[in-house]
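*Asks:* Okay, so here is query11.cif, and as you'll see once you scroll down, it has mmCIF, C-alpha atoms and all ligand atoms.
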data_structure
loop_
_atom_site.label_atom_id
_atom_site.label_comp_id
_atom_site.auth_asym_id
_atom_site.auth_seq_id
_atom_site.Cartn_x
_atom_site.Cartn_y
_atom_site.Cartn_z
CA MET A 25 59.54 130.11 148.70
CA LEU A 26 57.26 127.38 147.37
CA VAL A 27 57.58 124.02 149.05
CA PRO A 28 56.03 121.53 146.59
CA GLU A 29 54.87 119.09 149.25
CA GLU A 30 52.67 121.79 150.87
CA HIS A 31 50.44 122.08 147.78
CA PRO A 32 47.88 119.63 146.42
CA PRO A 33 49.30 117.75 143.39
CA ALA A 34 47.38 119.70 140.71
CA LEU A 35 48.48 123.08 142.08
CA ARG A 36 52.00 121.82 142.65
CA ASP A 37 52.27 120.83 138.95
CA VAL A 38 51.63 124.34 137.68
CA THR A 39 53.37 126.40 140.35
CA THR A 40 56.59 124.59 141.07
CA ASP A 41 59.92 125.75 139.69
CA VAL A 42 63.10 123.84 140.42
CA HIS A 43 66.59 125.23 140.36
CA ARG A 44 69.11 123.11 138.55
CA ARG A 45 72.65 124.22 137.79
CA GLY A 46 71.62 127.82 138.52
CA ARG A 47 68.71 127.70 136.04
CA ARG A 48 65.00 127.85 136.77
CA LEU A 49 63.26 124.92 135.10
CA ARG A 50 59.50 124.88 134.66
CA VAL A 51 58.11 121.48 135.56
CA GLY A 52 54.37 122.03 135.03
CA ALA A 53 54.39 120.92 131.38
CA TRP A 54 54.27 117.40 129.99
CA LYS A 55 57.62 118.13 128.37
CA VAL A 56 60.01 121.08 128.70
CA ALA A 57 62.54 122.20 126.08
CA GLY A 58 65.82 121.26 127.69
CA ASP A 59 68.17 123.25 125.48
CA LEU A 60 68.27 125.89 122.76
CA PRO A 61 68.16 123.46 119.78
CA ALA A 62 65.07 121.82 121.32
CA SER A 63 63.39 125.25 121.67
CA PHE A 64 64.04 125.96 117.99
CA ARG A 65 62.77 122.50 117.04
CA TYR A 66 59.46 123.06 118.86
CA ALA A 67 59.11 126.52 117.30
CA ALA A 68 59.72 124.97 113.86
CA GLN A 69 57.01 122.40 114.64
CA GLY A 70 54.59 125.23 115.41
CA LEU A 71 55.51 126.98 112.19
CA ALA A 72 55.05 123.79 110.18
CA TYR A 73 51.69 123.16 111.88
CA GLY A 74 50.53 126.71 111.13
CA PHE A 75 51.56 126.39 107.49
CA ALA A 76 50.04 122.94 107.01
CA SER A 77 46.76 123.53 108.84
CA GLN A 78 45.89 127.20 108.29
CA ARG A 79 44.90 128.26 104.79
CA ASN A 80 45.05 131.93 105.80
CA PHE A 81 48.62 131.49 107.04
CA ARG A 82 49.65 130.08 103.64
CA ILE A 83 47.90 132.97 101.87
CA HIS A 84 49.78 135.47 104.08
CA VAL A 85 53.12 133.75 103.43
CA PHE A 86 52.67 133.81 99.65
CA THR A 87 51.30 137.37 99.67
CA GLY A 88 54.23 138.47 101.82
CA LEU A 89 56.75 136.87 99.47
CA LEU A 90 55.03 138.52 96.49
CA VAL A 91 55.03 141.95 98.14
CA PHE A 92 58.68 141.63 99.19
CA GLY A 93 59.62 140.43 95.68
CA MET A 94 57.87 143.46 94.19
CA GLY A 95 59.73 145.70 96.62
CA LEU A 96 63.04 144.22 95.45
CA TRP A 97 62.02 144.51 91.78
CA LEU A 98 61.07 148.16 92.30
CA GLN A 99 64.40 148.71 94.08
CA LEU A 100 62.84 150.17 97.22
CA ALA A 101 65.27 151.61 99.76
CA ALA A 102 66.35 149.28 102.57
CA ASP A 103 64.26 151.07 105.21
CA ARG A 104 61.12 150.68 103.06
CA LEU A 105 61.84 146.99 102.51
CA ALA A 106 62.29 146.67 106.27
CA VAL A 107 58.82 148.19 106.83
CA LEU A 108 57.35 145.64 104.41
CA VAL A 109 59.09 142.78 106.24
CA LEU A 110 57.81 144.09 109.57
CA THR A 111 54.20 144.33 108.43
CA VAL A 112 54.21 140.87 106.82
CA ALA A 113 55.84 139.41 109.95
CA ALA A 114 53.21 141.07 112.17
CA VAL A 115 50.40 139.37 110.22
CA LEU A 116 52.12 135.97 110.36
CA VAL A 117 52.81 136.32 114.10
CA LEU A 118 49.18 137.22 114.80
CA GLU A 119 47.95 134.35 112.62
CA LEU A 120 50.06 131.95 114.72
CA LEU A 121 48.73 133.49 117.95
CA ASN A 122 45.20 133.14 116.56
CA THR A 123 45.84 129.45 115.92
CA ALA A 124 47.28 129.07 119.43
CA THR A 125 44.24 130.83 120.93
CA GLU A 126 41.85 128.54 119.04
CA ALA A 127 43.74 125.47 120.27
CA VAL A 128 43.72 126.66 123.91
CA VAL A 129 40.02 127.56 123.78
CA ASP A 130 39.14 124.18 122.24
CA LEU A 131 41.33 122.46 124.83
CA ALA A 132 39.51 124.28 127.64
CA ILE A 133 35.93 123.92 126.44
CA GLY A 134 35.85 121.37 123.62
CA ARG A 135 32.79 121.43 121.36
CA GLN A 136 30.55 123.29 123.82
CA PHE A 137 29.32 126.84 123.25
CA HIS A 138 30.56 129.52 125.65
CA PRO A 139 30.26 133.29 125.15
CA LEU A 140 33.82 133.82 126.47
CA ALA A 141 35.16 131.25 123.99
CA ARG A 142 33.44 133.19 121.23
CA ILE A 143 34.95 136.48 122.44
CA ALA A 144 38.45 134.95 122.63
CA LYS A 145 38.23 133.48 119.11
CA ASP A 146 36.52 136.49 117.55
CA CYS A 147 39.04 138.94 119.05
CA ALA A 148 42.02 136.80 117.99
CA ALA A 149 40.61 136.67 114.44
CA ALA A 150 39.96 140.44 114.56
CA ALA A 151 43.60 141.05 115.53
CA VAL A 152 44.70 139.22 112.37
CA LEU A 153 42.22 141.18 110.28
CA VAL A 154 43.40 144.57 111.62
CA ALA A 155 47.04 143.64 110.97
CA ALA A 156 46.28 142.29 107.48
CA LEU A 157 44.31 145.40 106.46
CA SER A 158 46.93 147.81 107.78
CA SER A 159 49.76 145.87 106.13
CA LEU A 160 47.84 145.91 102.85
CA LEU A 161 47.52 149.68 103.16
CA ILE A 162 51.23 150.05 103.94
CA ALA A 163 52.16 147.85 100.97
CA LEU A 164 49.98 149.97 98.67
CA LEU A 165 51.51 153.21 99.99
CA LEU A 166 55.05 151.90 99.47
CA LEU A 167 54.63 150.00 96.22
CA VAL A 168 52.13 151.92 94.10
CA PRO A 169 54.08 155.17 93.55
CA PRO A 170 57.29 153.46 92.29
CA LEU A 171 55.16 150.98 90.32
CA MET A 172 53.43 153.86 88.52
CA ILE A 173 56.81 155.35 87.66
CA ARG A 174 58.11 151.97 86.47
CA LEU A 175 55.02 151.48 84.27
CA GLY A 176 55.24 155.05 82.98
CA VAL A 177 51.71 155.87 84.13
N1 LIG A 201 33.31 127.03 121.88
C1 LIG A 201 32.78 128.08 121.23
N2 LIG A 201 31.87 128.86 121.84
C2 LIG A 201 31.33 129.93 121.21
N3 LIG A 201 31.61 130.29 119.95
C3 LIG A 201 32.53 129.56 119.28
C4 LIG A 201 33.16 128.43 119.87
N4 LIG A 201 34.01 127.89 118.96
C5 LIG A 201 33.92 128.66 117.87
N5 LIG A 201 33.04 129.66 118.05
C6 LIG A 201 32.66 130.71 117.07
O1 LIG A 201 32.91 130.20 115.77
C7 LIG A 201 33.88 131.01 115.10
C8 LIG A 201 34.76 130.14 114.26
O2 LIG A 201 35.49 129.27 115.11
P1 LIG A 201 36.85 128.61 114.64
O3 LIG A 201 37.34 127.74 115.73
O4 LIG A 201 36.65 127.98 113.29
O5 LIG A 201 37.80 129.88 114.50
P2 LIG A 201 38.26 130.68 113.20
O6 LIG A 201 38.95 131.92 113.70
O7 LIG A 201 37.17 130.88 112.23
O8 LIG A 201 39.26 129.66 112.57
P3 LIG A 201 40.30 129.95 111.39
O9 LIG A 201 41.21 131.05 111.89
O10 LIG A 201 40.97 128.63 111.24
O11 LIG A 201 39.49 130.38 110.19
C9 LIG A 201 34.62 131.78 116.22
O12 LIG A 201 35.17 133.01 115.74
C10 LIG A 201 33.50 131.98 117.24
O13 LIG A 201 32.69 133.11 116.89
#
Taking this structure as input, can you express it in the form of structure tokens?
Ligand SMILES: Nc1ncnc2c1ncn2[C@@H]1O[C@H](COP(=O)(O)OP(=O)(O)OP(=O)(O)O)[C@@H](O)[C@H]1O
*Replies:*
Amino acid sequence: MLVPEEHPPALRDVTTDVHRRGRRLRVGAWKVAGDLPASFRYAAQGLAYGFASQRNFRIHVFTGLLVFGMGLWLQLAADRLAVLVLTVAAVLVLELLNTATEAVVDLAIGRQFHPLARIAKDCAAAAVLVAALSSLLIALLLLVPPLMIRLGV
């Protein structure tokens, strides 16, 4: 068991858990979400930050809404609509993780060059690209055939 006083202060900050009313509480952060509404509030803040600061995130949101709207218009079956939702969500999730990665890298290294910082940022951006390309392909596979029928082509 960790005894906080046995560690130097910096290590103690990141390693110590306390037990309160049967719950483990992390105490290494500047602030910890104390309850479920607070957790949702912080998640909403992250979502709002991603939307406000990341042009690509906004593009993905509007593209996703467009694709889902087309799916509804074309009366796709529920399981096909679910696949569209899943692919759009995957791109948005990865875009948020990309933003988080950029923030952590900048926090760690600031404006200096480091090859590992470049790898972290490039790979996070590549993850978004892979998800976006595969979700575009899935959307085409699901939407084009019924669209052709609807247009009488
Ligand atoms: N500290 C750094 N050291 C080395 N290379 C960096 C560093 N910061 C950024 N880069 C390089 O510059 C590129 C762009 O960095 P940036 O922080 O703008 O990320 P981004 O993924 O382009 O941002 P966004 O997702 O907002 O378009 C990175 O992909 C990386 O190749």
*Asks:* Given 4 Å of margin on each side, can you work out the centre and size in Å (one decimal) of an axis-aligned box holding every listed atom of ligand LIG 201 (chain A), as lines of an AutoDock Vina configuration file?
*Replies:*
center_x = 36.3
center_y = 130.1
center_z = 116.0
size_x = 17.9
size_y = 14.1
size_z = 19.7
*Asks:* Show me which residues line ligand LIG 201 (chain A), defined as having an atom within 8 Å of a ligand atom where all atoms listed in the file count, and present them as a PyMOL selection string.
*Replies:* chain A and resi 78-80+119+122-123+126+129-130+133-149
*Asks:* Just want the 12 Å neighbourhood of range 97-103 of chain A, counted on all atoms listed in the file, with same-chain residues fewer than 5 positions away dropped. Output as a PyMOL selection string.
*Replies:* chain A and resi 90-92+108-110+163+166-175
*Asks:* As an exercise, work out the distance from CA of Tyr73 in chain A to CA of Gly95 in chain A in Å and give it to one decimal place.
*Replies:*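 Interatomic distance here is 28.4 Å.
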*Asks:* As an exercise, work out the distance from CA of His84 in chain A to CA of Ala150 in chain A in Å and give it to one decimal place.
*Replies:*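 It comes out at 15.2 Å.
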*Asks:* Residues at most 10 Å from Leu121 in chain A, counting all atoms listed in the file, excluding those fewer than 4 positions away in the same chain, as a list in words?
*Replies:*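 In the requested form, the answer reads Gly74, Val115, Leu116, Val117, Thr125, Glu126, Ala127, Ala148, Ala149, Ala151 and Val152 of chain A.
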*Asks:* At what distance in Å, to one decimal, does CA of Val112 in chain A lie from CA of Gly88 in chain A?
*Replies:*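 Separation between CA of Gly88 in chain A and CA of Val112 in chain A: 5.5 Å.
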*Asks:* Restricting the calculation to only C-alpha atoms: of A:Ala124, A:Ala57, A:Ala106, A:Ala156, which residue gets closest to Ile83 in chain A?
*Replies:*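 The closest residue to Ile83 in chain A is A:Ala156.
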*Asks:* Which of these residues is nearest to Leu118 in chain A, using all atoms listed in the file: A:Leu153, A:Phe86, A:Val56, A:Arg104?
*Replies:*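 Checking each of A:Leu153, A:Phe86, A:Val56, A:Arg104 against Leu118 in chain A, counting all atoms listed in the file, the winner is A:Leu153.
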*Asks:* Given all atoms listed in the file as the basis, pick out the residue of A:Leu120, A:Leu165, A:Ala62, A:Leu131 nearest to Ser77 in chain A.
*Replies:*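 When distances to Ser77 in chain A are compared using all atoms listed in the file, the smallest one comes from A:Leu120.
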